[in-house]
$ cat upload.pdb   # PDB, C-alpha atoms
ATOM      1  CA  MET A   1     129.454 145.615  78.443
ATOM      2  CA  LEU A   2     128.961 144.112  81.894
ATOM      3  CA  ILE A   3     129.389 140.357  81.970
ATOM      4  CA  TYR A   4     130.305 138.062  84.800
ATOM      5  CA  ILE A   5     131.243 134.445  85.178
ATOM      6  CA  SER A   6     131.219 132.797  88.573
ATOM      7  CA  PHE A   7     133.762 130.183  89.544
ATOM      8  CA  GLU A   8     133.463 129.632  93.250
ATOM      9  CA  ASP A   9     131.387 127.174  95.199
ATOM     10  CA  PHE A  10     129.706 129.652  97.551
ATOM     11  CA  SER A  11     129.997 128.237 101.056
ATOM     12  CA  ILE A  12     127.272 128.384 103.662
ATOM     13  CA  ARG A  13     128.220 128.902 107.288
ATOM     14  CA  GLY A  14     127.777 125.953 109.599
ATOM     15  CA  ALA A  15     128.913 122.365 109.743
ATOM     16  CA  VAL A  16     128.595 120.094 106.750
ATOM     17  CA  LYS A  17     126.601 116.967 107.458
ATOM     18  CA  LYS A  18     128.387 113.707 106.706
ATOM     19  CA  SER A  19     125.966 111.716 104.589
ATOM     20  CA  THR A  20     125.226 108.026 105.091
ATOM     21  CA  ASP A  21     122.772 107.966 102.176
ATOM     22  CA  LYS A  22     124.621 106.635  99.123
ATOM     23  CA  SER A  23     121.894 107.150  96.474
ATOM     24  CA  PRO A  24     123.102 109.036  93.348
ATOM     25  CA  LYS A  25     120.397 111.686  93.643
ATOM     26  CA  THR A  26     121.096 112.645  97.254
ATOM     27  CA  ALA A  27     124.849 112.532  96.563
ATOM     28  CA  ILE A  28     124.414 115.181  93.863
ATOM     29  CA  LEU A  29     122.044 117.285  95.970
ATOM     30  CA  ARG A  30     124.490 117.145  98.876
ATOM     31  CA  LYS A  31     126.975 119.098  96.726
ATOM     32  CA  ILE A  32     124.606 122.080  96.611
ATOM     33  CA  PRO A  33     125.751 124.522  99.318
ATOM     34  CA  PHE A  34     122.337 125.124 100.873
ATOM     35  CA  PHE A  35     121.634 121.367 101.152
ATOM     36  CA  ARG A  36     124.888 120.538 102.956
ATOM     37  CA  GLY A  37     123.495 121.159 106.427
ATOM     38  CA  VAL A  38     120.301 119.154 105.814
ATOM     39  CA  SER A  39     119.926 115.826 107.615
ATOM     40  CA  ASP A  40     119.983 112.586 105.634
ATOM     41  CA  SER A  41     116.328 111.879 106.356
ATOM     42  CA  ASP A  42     115.223 115.368 105.278
ATOM     43  CA  LEU A  43     117.399 115.302 102.158
ATOM     44  CA  LYS A  44     116.038 111.892 101.185
ATOM     45  CA  GLU A  45     112.511 113.272 101.474
ATOM     46  CA  ILE A  46     113.449 116.386  99.512
ATOM     47  CA  SER A  47     115.143 114.337  96.772
ATOM     48  CA  GLN A  48     111.896 112.501  96.017
ATOM     49  CA  LYS A  49     110.461 115.770  94.701
ATOM     50  CA  PHE A  50     113.212 116.064  92.069
ATOM     51  CA  SER A  51     112.607 114.494  88.659
ATOM     52  CA  GLU A  52     115.337 113.491  86.191
ATOM     53  CA  THR A  53     115.506 114.936  82.668
ATOM     54  CA  GLU A  54     118.089 114.524  79.919
ATOM     55  CA  PHE A  55     119.098 117.087  77.304
ATOM     56  CA  LYS A  56     121.132 116.512  74.153
ATOM     57  CA  LYS A  57     124.079 118.739  73.277
ATOM     58  CA  GLY A  58     122.758 122.038  71.959
ATOM     59  CA  GLU A  59     119.314 121.720  73.553
ATOM     60  CA  TYR A  60     118.046 124.392  75.937
ATOM     61  CA  LEU A  61     116.925 123.684  79.485
ATOM     62  CA  PHE A  62     115.127 127.017  79.374
ATOM     63  CA  TRP A  63     115.160 130.283  77.468
ATOM     64  CA  GLU A  64     115.468 133.814  78.744
ATOM     65  CA  GLY A  65     111.922 135.094  79.213
ATOM     66  CA  ASP A  66     110.405 131.632  79.801
ATOM     67  CA  PRO A  67     108.228 131.214  82.906
ATOM     68  CA  SER A  68     110.530 130.400  85.837
ATOM     69  CA  SER A  69     108.870 127.100  86.649
ATOM     70  CA  ARG A  70     111.749 124.817  87.680
ATOM     71  CA  LEU A  71     115.046 124.765  89.561
ATOM     72  CA  TYR A  72     117.690 122.583  87.851
ATOM     73  CA  VAL A  73     120.587 120.656  89.385
ATOM     74  CA  VAL A  74     123.127 119.294  86.895
ATOM     75  CA  LYS A  75     123.756 115.579  87.410
ATOM     76  CA  GLU A  76     126.122 115.026  84.473
ATOM     77  CA  GLY A  77     127.487 117.254  81.713
ATOM     78  CA  LYS A  78     127.890 121.009  81.381
ATOM     79  CA  VAL A  79     125.434 123.848  80.794
ATOM     80  CA  LYS A  80     126.158 127.308  79.406
ATOM     81  CA  ILE A  81     124.211 130.206  80.930
ATOM     82  CA  THR A  82     123.766 133.020  78.414
ATOM     83  CA  LYS A  83     121.990 136.308  77.942
ATOM     84  CA  TYR A  84     121.515 138.467  74.857
ATOM     85  CA  SER A  85     122.332 142.165  74.747
ATOM     86  CA  SER A  86     119.985 144.741  73.232
ATOM     87  CA  ALA A  87     122.112 144.455  70.064
ATOM     88  CA  GLY A  88     121.493 140.716  69.896
ATOM     89  CA  LYS A  89     124.981 139.652  71.012
ATOM     90  CA  GLU A  90     125.227 136.530  73.140
ATOM     91  CA  MET A  91     126.946 137.022  76.499
ATOM     92  CA  VAL A  92     128.176 133.995  78.460
ATOM     93  CA  LEU A  93     127.403 134.426  82.153
ATOM     94  CA  ASP A  94     128.505 131.077  83.547
ATOM     95  CA  ILE A  95     129.325 127.464  82.794
ATOM     96  CA  VAL A  96     127.572 125.073  85.158
ATOM     97  CA  SER A  97     128.790 121.514  85.736
ATOM     98  CA  ALA A  98     127.765 118.456  87.783
ATOM     99  CA  GLY A  99     126.654 119.271  91.307
ATOM    100  CA  GLU A 100     125.731 122.865  90.520
ATOM    101  CA  ILE A 101     122.404 124.614  90.002
ATOM    102  CA  CYS A 102     120.960 126.869  87.345
ATOM    103  CA  GLY A 103     117.785 128.906  87.553
ATOM    104  CA  SER A 104     118.225 129.593  91.265
ATOM    105  CA  GLY A 105     117.710 133.345  91.131
ATOM    106  CA  ALA A 106     114.873 133.200  88.653
ATOM    107  CA  ILE A 107     112.847 130.848  90.857
ATOM    108  CA  PHE A 108     111.788 133.936  92.823
ATOM    109  CA  SER A 109     110.751 135.875  89.708
ATOM    110  CA  GLN A 110     108.100 135.314  87.078
ATOM    111  CA  THR A 111     110.456 134.676  84.145
ATOM    112  CA  GLN A 112     113.946 133.305  83.531
ATOM    113  CA  VAL A 113     116.551 136.083  83.442
ATOM    114  CA  ALA A 114     118.929 134.098  81.197
ATOM    115  CA  SER A 115     119.018 131.036  78.941
ATOM    116  CA  ALA A 116     120.583 127.663  79.782
ATOM    117  CA  GLN A 117     121.997 125.529  76.954
ATOM    118  CA  ALA A 118     123.610 122.076  77.137
ATOM    119  CA  ILE A 119     127.138 122.274  75.693
ATOM    120  CA  GLU A 120     127.378 118.476  75.888
ATOM    121  CA  ASP A 121     124.844 115.757  76.692
ATOM    122  CA  VAL A 122     123.373 116.666  80.079
ATOM    123  CA  SER A 123     121.347 114.919  82.792
ATOM    124  CA  THR A 124     119.566 117.036  85.378
ATOM    125  CA  TYR A 125     117.429 116.760  88.481
ATOM    126  CA  SER A 126     114.766 119.440  88.609
ATOM    127  CA  LEU A 127     112.264 120.688  91.154
ATOM    128  CA  SER A 128     109.037 122.512  90.343
ATOM    129  CA  LYS A 129     108.605 126.065  91.581
ATOM    130  CA  LYS A 130     105.568 124.974  93.600
ATOM    131  CA  ASP A 131     107.513 122.250  95.424
ATOM    132  CA  PHE A 132     110.455 124.614  95.889
ATOM    133  CA  LEU A 133     108.315 127.210  97.655
ATOM    134  CA  LEU A 134     106.636 124.536  99.799
ATOM    135  CA  LEU A 135     110.110 123.321 100.741
ATOM    136  CA  LEU A 136     111.057 126.794 101.950
ATOM    137  CA  GLU A 137     107.900 127.004 104.072
ATOM    138  CA  ARG A 138     108.583 123.653 105.712
ATOM    139  CA  HIS A 139     112.336 124.059 106.276
ATOM    140  CA  LYS A 140     112.925 127.551 107.680
ATOM    141  CA  LYS A 141     116.655 126.972 108.229
ATOM    142  CA  LEU A 142     117.010 125.947 104.599
ATOM    143  CA  ALA A 143     115.284 129.153 103.515
ATOM    144  CA  ILE A 144     117.861 131.201 105.433
ATOM    145  CA  GLN A 145     120.723 129.229 103.856
ATOM    146  CA  ILE A 146     119.327 129.841 100.364
ATOM    147  CA  ILE A 147     119.053 133.577 101.044
ATOM    148  CA  MET A 148     122.699 133.592 102.185
ATOM    149  CA  TYR A 149     123.717 131.619  99.083
ATOM    150  CA  LEU A 150     121.981 134.019  96.705
ATOM    151  CA  GLY A 151     123.358 136.994  98.614
ATOM    152  CA  GLU A 152     126.919 135.746  98.216
ATOM    153  CA  LYS A 153     126.347 135.087  94.517
ATOM    154  CA  LEU A 154     125.104 138.638  94.087
ATOM    155  CA  MET A 155     128.144 140.006  95.900
ATOM    156  CA  LYS A 156     130.517 138.003  93.684
ATOM    157  CA  ALA A 157     128.620 139.159  90.590
ATOM    158  CA  HIS A 158     129.075 142.791  91.618
ATOM    159  CA  GLU A 159     132.787 142.235  92.233
ATOM    160  CA  MET A 160     133.197 140.623  88.823
ATOM    161  CA  MET A 161     131.308 143.408  87.045
ATOM    162  CA  ILE A 162     133.529 146.021  88.674
ATOM    163  CA  SER A 163     136.575 144.015  87.626
ATOM    164  CA  LEU A 164     135.409 143.830  84.016
ATOM    165  CA  VAL A 165     134.843 147.567  83.858
ATOM    166  CA  SER A 166     138.173 148.512  85.421
ATOM    167  CA  SER A 167     140.547 145.726  84.322
ATOM    168  CA  LYS A 168     142.552 145.346  81.147
ATOM    169  CA  VAL A 169     141.681 142.509  78.771
ATOM    170  CA  ASP A 170     144.882 140.627  79.706
ATOM    171  CA  ARG A 171     143.801 140.528  83.353
ATOM    172  CA  ARG A 172     140.237 139.506  82.492
ATOM    173  CA  ILE A 173     141.389 136.615  80.333
ATOM    174  CA  ALA A 174     143.965 135.554  82.932
ATOM    175  CA  ALA A 175     141.276 135.627  85.630
ATOM    176  CA  LEU A 176     138.961 133.600  83.403
ATOM    177  CA  LEU A 177     141.583 130.925  82.717
ATOM    178  CA  ILE A 178     142.568 130.662  86.382
ATOM    179  CA  GLY A 179     138.932 130.400  87.450
ATOM    180  CA  LEU A 180     138.087 127.765  84.850
ATOM    181  CA  SER A 181     141.183 125.747  85.783
ATOM    182  CA  GLU A 182     140.011 125.676  89.405
ATOM    183  CA  LYS A 183     136.456 124.742  88.532
ATOM    184  CA  HIS A 184     136.905 122.513  85.476
ATOM    185  CA  GLY A 185     140.605 121.612  85.605
ATOM    186  CA  SER A 186     142.472 118.331  85.932
ATOM    187  CA  LEU A 187     146.177 117.652  86.365
ATOM    188  CA  VAL A 188     148.098 116.457  83.297
ATOM    189  CA  PRO A 189     151.869 116.122  82.734
ATOM    190  CA  GLN A 190     152.040 119.594  81.146
ATOM    191  CA  GLY A 191     150.068 121.363  83.871
ATOM    192  CA  ILE A 192     146.325 121.913  84.428
ATOM    193  CA  ARG A 193     143.972 121.093  81.560
ATOM    194  CA  ILE A 194     140.658 122.970  81.384
ATOM    195  CA  ASN A 195     138.097 120.296  80.572
ATOM    196  CA  LEU A 196     135.990 122.547  78.382
ATOM    197  CA  ARG A 197     136.344 123.099  74.668
ATOM    198  CA  LEU A 198     136.430 126.878  74.489
ATOM    199  CA  THR A 199     136.840 128.711  71.203
ATOM    200  CA  ARG A 200     138.482 132.124  71.035
ATOM    201  CA  GLN A 201     134.991 133.484  70.361
ATOM    202  CA  ASP A 202     133.757 131.881  73.608
ATOM    203  CA  ILE A 203     136.586 133.537  75.537
ATOM    204  CA  ALA A 204     135.875 136.892  73.889
ATOM    205  CA  ASP A 205     132.166 136.649  74.716
ATOM    206  CA  ILE A 206     132.815 135.758  78.348
ATOM    207  CA  VAL A 207     135.245 138.599  79.098
ATOM    208  CA  GLY A 208     133.522 141.170  76.905
ATOM    209  CA  THR A 209     136.073 141.819  74.160
ATOM    210  CA  THR A 210     136.513 141.173  70.440
ATOM    211  CA  VAL A 211     137.613 137.791  69.107
ATOM    212  CA  GLU A 212     140.662 139.461  67.490
ATOM    213  CA  THR A 213     141.791 140.768  70.872
ATOM    214  CA  ALA A 214     141.199 137.383  72.513
ATOM    215  CA  ILE A 215     143.320 135.677  69.839
ATOM    216  CA  ARG A 216     146.119 138.211  70.292
ATOM    217  CA  VAL A 217     146.176 137.860  74.092
ATOM    218  CA  MET A 218     146.020 134.047  74.020
ATOM    219  CA  SER A 219     148.842 133.927  71.461
ATOM    220  CA  ARG A 220     150.979 136.131  73.709
ATOM    221  CA  PHE A 221     150.247 133.903  76.717
ATOM    222  CA  LYS A 222     151.397 130.905  74.646
ATOM    223  CA  LYS A 223     154.628 132.602  73.583
ATOM    224  CA  GLN A 224     155.347 133.500  77.206
ATOM    225  CA  GLY A 225     155.024 129.836  78.208
ATOM    226  CA  MET A 226     151.867 130.164  80.295
ATOM    227  CA  LEU A 227     149.648 127.802  78.294
ATOM    228  CA  VAL A 228     149.437 125.347  75.422
ATOM    229  CA  THR A 229     146.574 123.607  73.635
ATOM    230  CA  ASP A 230     145.972 119.862  73.894
ATOM    231  CA  SER A 231     143.308 118.254  71.663
ATOM    232  CA  LYS A 232     141.378 121.550  71.536
ATOM    233  CA  HIS A 233     141.666 121.966  75.316
ATOM    234  CA  ILE A 234     143.625 124.725  77.000
ATOM    235  CA  VAL A 235     146.411 123.574  79.330
ATOM    236  CA  ILE A 236     147.843 126.065  81.808
ATOM    237  CA  THR A 237     151.551 125.327  82.048
ATOM    238  CA  ASP A 238     152.560 128.157  84.405
ATOM    239  CA  LYS A 239     149.714 129.193  86.708
ATOM    240  CA  ASP A 240     151.975 131.338  88.909
ATOM    241  CA  LYS A 241     153.027 133.462  85.945
ATOM    242  CA  LEU A 242     149.393 133.775  84.909
ATOM    243  CA  LYS A 243     148.471 134.939  88.421
ATOM    244  CA  LYS A 244     151.135 137.669  88.247
ATOM    245  CA  ILE A 245     149.180 139.257  85.394
ATOM    246  CA  LEU A 246     146.335 139.886  87.829
ATOM    247  CA  LEU A 247     148.689 142.039  89.905
ATOM    248  CA  SER A 248     150.249 143.916  87.002
TER     249      SER A 248
END
$ encode --input "upload.pdb" --output "structure tokens"
Amino acid sequence: MLIYISFEDFSIRGAVKKSTDKSPKTAILRKIPFFRGVSDSDLKEISQKFSETEFKKGEYLFWEGDPSSRLYVVKEGKVKITKYSSAGKEMVLDIVSAGEICGSGAIFSQTQVASAQAIEDVSTYSLSKKDFLLLLERHKKLAIQIIMYLGEKLMKAHEMMISLVSSKVDRRIAALLIGLSEKHGSLVPQGIRINLRLTRQDIADIVGTTVETAIRVMSRFKKQGMLVTDSKHIVITDKDKLKKILLS
């Protein structure tokens, strides 16, 4: 099973513009890598094309196979990107949080290649496919930045797929926990808390293993002093020891 989860904020070459526009919408859009080099005046104009939509926990922004009609930027909350295998098993591809996009690759295709589900109450800004394509025609530099962004995402996806095929489950789960701590973590007295409520089934689905194996590996990590649980959240207590597993 080939599954990937992305953790990094893919950087775009070039200087980041320092924004003087303090509106909430442009502040969120400024976090998107390919908008960072856009001037305040251009970004303000672009932001007017985005509409705000709210989704309750459990609702879908879009389903796999739906027409790819909108690009979504998460304003608040978290979204799970999933895909179903031919056997009907759900595979978690990514967890998207505030300041990130979903549906970026599918905007160039006719249908959505995965589903996006709110795992908590979510607010989004979205742009229609028509306005998105007009934006690319008008801002040539932005079009190049988006191509670079998608290219880097594809490269990271390939690297992760290779890792999942060749790595042991221990390494895959360690890599997952480290990545989530960097993307969704906050410092607490015990270490770094991952601010997502992940079940053992979620972890198994993400790394492509059975829930029994995920439980066994997580229990071993606990006994070795690398993590604890805090109000259903995972807290990494020894990140250095967890990183050593990646080299074992």
$ resolve_selection --input "upload.pdb" --expression "the PyMOL selection byres ((chain A and resi 50-54) around 7)" --output "list in words"
Ser47, Gln48, Lys49, Phe55, Lys56, Val122, Ser123, Thr124, Tyr125, Ser126 and Leu127 of chain A
$ atom_distance --input "upload.pdb" --atom1 "atom CA of Thr213 of chain A" --atom2 "atom CA of Leu176 of chain A"
14.7 Å
$ atom_distance --input "upload.pdb" --atom1 "atom CA of Leu247 of chain A" --atom2 "atom CA of Ser186 of chain A"
24.8 Å
$ resolve_selection --input "upload.pdb" --expression "the PyMOL selection byres ((chain A and resi 115) around 8)" --output "PyMOL selection string"
chain A and resi 60-64+81-83+112-114+116-117
$ write_last_selection --input "upload.pdb" --atoms "C-alpha atoms" --output "PDB file, in the frame of the given file"
ATOM      1  CA  TYR A  60     118.046 124.392  75.937  1.00  0.00           C
ATOM      2  CA  LEU A  61     116.925 123.684  79.485  1.00  0.00           C
ATOM      3  CA  PHE A  62     115.127 127.017  79.374  1.00  0.00           C
ATOM      4  CA  TRP A  63     115.160 130.283  77.468  1.00  0.00           C
ATOM      5  CA  GLU A  64     115.468 133.814  78.744  1.00  0.00           C
ATOM      6  CA  ILE A  81     124.211 130.206  80.930  1.00  0.00           C
ATOM      7  CA  THR A  82     123.766 133.020  78.414  1.00  0.00           C
ATOM      8  CA  LYS A  83     121.990 136.308  77.942  1.00  0.00           C
ATOM      9  CA  GLN A 112     113.946 133.305  83.531  1.00  0.00           C
ATOM     10  CA  VAL A 113     116.551 136.083  83.442  1.00  0.00           C
ATOM     11  CA  ALA A 114     118.929 134.098  81.197  1.00  0.00           C
ATOM     12  CA  ALA A 116     120.583 127.663  79.782  1.00  0.00           C
ATOM     13  CA  GLN A 117     121.997 125.529  76.954  1.00  0.00           C
TER      14      GLN A 117
END
$ closest_residue --input "upload.pdb" --among "A:Ser248, A:Thr209, A:Ser39, A:Gln201" --to "Lys141 of chain A" --atoms "all atoms listed in the file"
A:Ser39
$ atom_distance --input "upload.pdb" --atom1 "atom CA of Leu134 of chain A" --atom2 "atom CA of Glu152 of chain A"
23.2 Å
$ closest_residue --input "upload.pdb" --among "A:Tyr72, A:Gly103, A:Ser109, A:Ile146" --to "Phe34 of chain A" --atoms "only C-alpha atoms"
A:Ile146
$ closest_residue --input "upload.pdb" --among "A:Glu137, A:Asp121, A:Asp170, A:Asp238" --to "Gly225 of chain A" --atoms "all atoms listed in the file"
A:Asp238
$ closest_residue --input "upload.pdb" --among "A:Ser69, A:Gly88, A:Asp131, A:Glu212" --to "Thr111 of chain A" --atoms "all atoms listed in the file"
A:Ser69
$ resolve_selection --input "upload.pdb" --expression "the PyMOL selection byres ((chain A and resi 246) around 8)" --output "PyMOL selection string"
chain A and resi 171+174-175+242-245+247-248
$ residues_around --input "upload.pdb" --residues "Ser231 of chain A" --least-positions-apart "6" --cutoff "12 Å" --atoms "all atoms listed in the file" --output "PyMOL selection string"
chain A and resi 193-198
$ residues_around --input "upload.pdb" --residues "Lys44 of chain A" --least-positions-apart "6" --cutoff "10 Å" --atoms "only C-alpha atoms" --output "list in words"
Asp21, Ser23, Lys25, Thr26, Ala27, Leu29 and Val38 of chain A
$ residues_around --input "upload.pdb" --residues "Ile95 of chain A" --least-positions-apart "4" --cutoff "7 Å" --atoms "all atoms listed in the file" --output "PDB file with C-alpha atoms, in the coordinates of the input"
ATOM      1  CA  LYS A  78     127.890 121.009  81.381  1.00  0.00           C
ATOM      2  CA  VAL A  79     125.434 123.848  80.794  1.00  0.00           C
ATOM      3  CA  LYS A  80     126.158 127.308  79.406  1.00  0.00           C
ATOM      4  CA  ILE A  81     124.211 130.206  80.930  1.00  0.00           C
TER       5      ILE A  81
END
$ closest_residue --input "upload.pdb" --among "A:Val74, A:Gly99, A:Lys153, A:Tyr84" --to "Glu120 of chain A" --atoms "only C-alpha atoms"
A:Val74
$ residues_near_point --input "upload.pdb" --point "(146.9, 121.3, 79.0)" --cutoff "6 Å" --atoms "all atoms listed in the file" --output "list in words"
Gln190, Gly191, Ile192, Arg193, Val228, Thr229, Asp230, Ile234, Val235 and Ile236 of chain A
$ closest_residue --input "upload.pdb" --among "A:Arg138, A:Arg216, A:Lys129, A:Lys241" --to "Val169 of chain A" --atoms "all atoms listed in the file"
A:Arg216
$ decode --input "upload.pdb" --residues "segment 216-248 of chain A" --atoms "N, CA and C atoms" --output "mmCIF file, in the first residue's frame"
data_model
loop_
_atom_site.group_PDB
_atom_site.id
_atom_site.type_symbol
_atom_site.label_atom_id
_atom_site.label_comp_id
_atom_site.auth_asym_id
_atom_site.auth_seq_id
_atom_site.Cartn_x
_atom_site.Cartn_y
_atom_site.Cartn_z
ATOM 1 N N ARG A 216 1.065 -2.060 19.124
ATOM 2 C CA ARG A 216 2.275 -2.684 19.662
ATOM 3 C C ARG A 216 3.467 -1.722 19.604
ATOM 4 N N VAL A 217 3.630 -1.029 18.479
ATOM 5 C CA VAL A 217 4.752 -0.103 18.333
ATOM 6 C C VAL A 217 4.599 1.084 19.278
ATOM 7 N N MET A 218 3.399 1.649 19.367
ATOM 8 C CA MET A 218 3.178 2.802 20.245
ATOM 9 C C MET A 218 3.393 2.424 21.706
ATOM 10 N N SER A 219 2.975 1.226 22.079
ATOM 11 C CA SER A 219 3.189 0.758 23.462
ATOM 12 C C SER A 219 4.678 0.637 23.759
ATOM 13 N N ARG A 220 5.446 0.136 22.788
ATOM 14 C CA ARG A 220 6.890 0.016 22.982
ATOM 15 C C ARG A 220 7.544 1.393 23.107
ATOM 16 N N PHE A 221 7.097 2.346 22.277
ATOM 17 C CA PHE A 221 7.628 3.709 22.373
ATOM 18 C C PHE A 221 7.355 4.303 23.758
ATOM 19 N N LYS A 222 6.168 4.009 24.311
ATOM 20 C CA LYS A 222 5.834 4.503 25.651
ATOM 21 C C LYS A 222 6.758 3.902 26.697
ATOM 22 N N LYS A 223 6.957 2.587 26.629
ATOM 23 C CA LYS A 223 7.797 1.902 27.609
ATOM 24 C C LYS A 223 9.239 2.386 27.550
ATOM 25 N N GLN A 224 9.670 2.797 26.370
ATOM 26 C CA GLN A 224 11.042 3.287 26.191
ATOM 27 C C GLN A 224 11.170 4.776 26.520
ATOM 28 N N GLY A 225 10.091 5.390 26.997
ATOM 29 C CA GLY A 225 10.144 6.768 27.461
ATOM 30 C C GLY A 225 10.139 7.824 26.377
ATOM 31 N N MET A 226 9.675 7.469 25.185
ATOM 32 C CA MET A 226 9.679 8.430 24.078
ATOM 33 C C MET A 226 8.392 9.235 23.976
ATOM 34 N N LEU A 227 7.299 8.736 24.553
ATOM 35 C CA LEU A 227 6.034 9.461 24.479
ATOM 36 C C LEU A 227 5.101 9.034 25.595
ATOM 37 N N VAL A 228 4.127 9.900 25.854
ATOM 38 C CA VAL A 228 3.037 9.624 26.784
ATOM 39 C C VAL A 228 1.766 10.163 26.147
ATOM 40 N N THR A 229 0.624 9.867 26.762
ATOM 41 C CA THR A 229 -0.638 10.440 26.289
ATOM 42 C C THR A 229 -1.151 11.426 27.329
ATOM 43 N N ASP A 230 -1.747 12.516 26.837
ATOM 44 C CA ASP A 230 -2.245 13.585 27.698
ATOM 45 C C ASP A 230 -3.603 14.023 27.172
ATOM 46 N N SER A 231 -4.673 13.639 27.882
ATOM 47 C CA SER A 231 -6.046 13.988 27.465
ATOM 48 C C SER A 231 -6.295 13.598 26.004
ATOM 49 N N LYS A 232 -5.930 12.355 25.682
ATOM 50 C CA LYS A 232 -6.122 11.778 24.348
ATOM 51 C C LYS A 232 -5.198 12.375 23.290
ATOM 52 N N HIS A 233 -4.237 13.201 23.709
ATOM 53 C CA HIS A 233 -3.225 13.714 22.798
ATOM 54 C C HIS A 233 -1.917 12.971 23.043
ATOM 55 N N ILE A 234 -1.131 12.854 22.003
ATOM 56 C CA ILE A 234 0.189 12.238 22.124
ATOM 57 C C ILE A 234 1.209 13.320 22.464
ATOM 58 N N VAL A 235 2.037 13.063 23.467
ATOM 59 C CA VAL A 235 3.102 13.982 23.855
ATOM 60 C C VAL A 235 4.438 13.279 23.653
ATOM 61 N N ILE A 236 5.276 13.852 22.818
ATOM 62 C CA ILE A 236 6.619 13.303 22.603
ATOM 63 C C ILE A 236 7.523 13.816 23.712
ATOM 64 N N THR A 237 8.027 12.894 24.504
ATOM 65 C CA THR A 237 8.855 13.266 25.661
ATOM 66 C C THR A 237 10.350 13.189 25.369
ATOM 67 N N ASP A 238 10.727 12.462 24.328
ATOM 68 C CA ASP A 238 12.150 12.339 23.966
ATOM 69 C C ASP A 238 12.244 12.278 22.443
ATOM 70 N N LYS A 239 12.271 13.459 21.823
ATOM 71 C CA LYS A 239 12.292 13.530 20.354
ATOM 72 C C LYS A 239 13.607 13.010 19.791
ATOM 73 N N ASP A 240 14.718 13.244 20.501
ATOM 74 C CA ASP A 240 16.017 12.779 20.017
ATOM 75 C C ASP A 240 16.054 11.256 19.924
ATOM 76 N N LYS A 241 15.497 10.593 20.928
ATOM 77 C CA LYS A 241 15.473 9.130 20.903
ATOM 78 C C LYS A 241 14.576 8.624 19.776
ATOM 79 N N LEU A 242 13.486 9.349 19.533
ATOM 80 C CA LEU A 242 12.585 8.990 18.449
ATOM 81 C C LEU A 242 13.273 9.150 17.099
ATOM 82 N N LYS A 243 14.083 10.201 16.967
ATOM 83 C CA LYS A 243 14.814 10.433 15.712
ATOM 84 C C LYS A 243 15.834 9.338 15.445
ATOM 85 N N LYS A 244 16.404 8.752 16.520
ATOM 86 C CA LYS A 244 17.406 7.701 16.341
ATOM 87 C C LYS A 244 16.806 6.459 15.670
ATOM 88 N N ILE A 245 15.498 6.277 15.853
ATOM 89 C CA ILE A 245 14.830 5.135 15.217
ATOM 90 C C ILE A 245 14.886 5.262 13.714
ATOM 91 N N LEU A 246 14.857 6.500 13.212
ATOM 92 C CA LEU A 246 14.910 6.718 11.766
ATOM 93 C C LEU A 246 16.245 6.276 11.179
ATOM 94 N N LEU A 247 17.272 6.232 12.016
ATOM 95 C CA LEU A 247 18.613 5.866 11.545
ATOM 96 C C LEU A 247 18.958 4.403 11.838
ATOM 97 N N SER A 248 18.037 3.722 12.525
ATOM 98 C CA SER A 248 18.339 2.339 12.914
ATOM 99 C C SER A 248 18.121 1.370 11.758
#
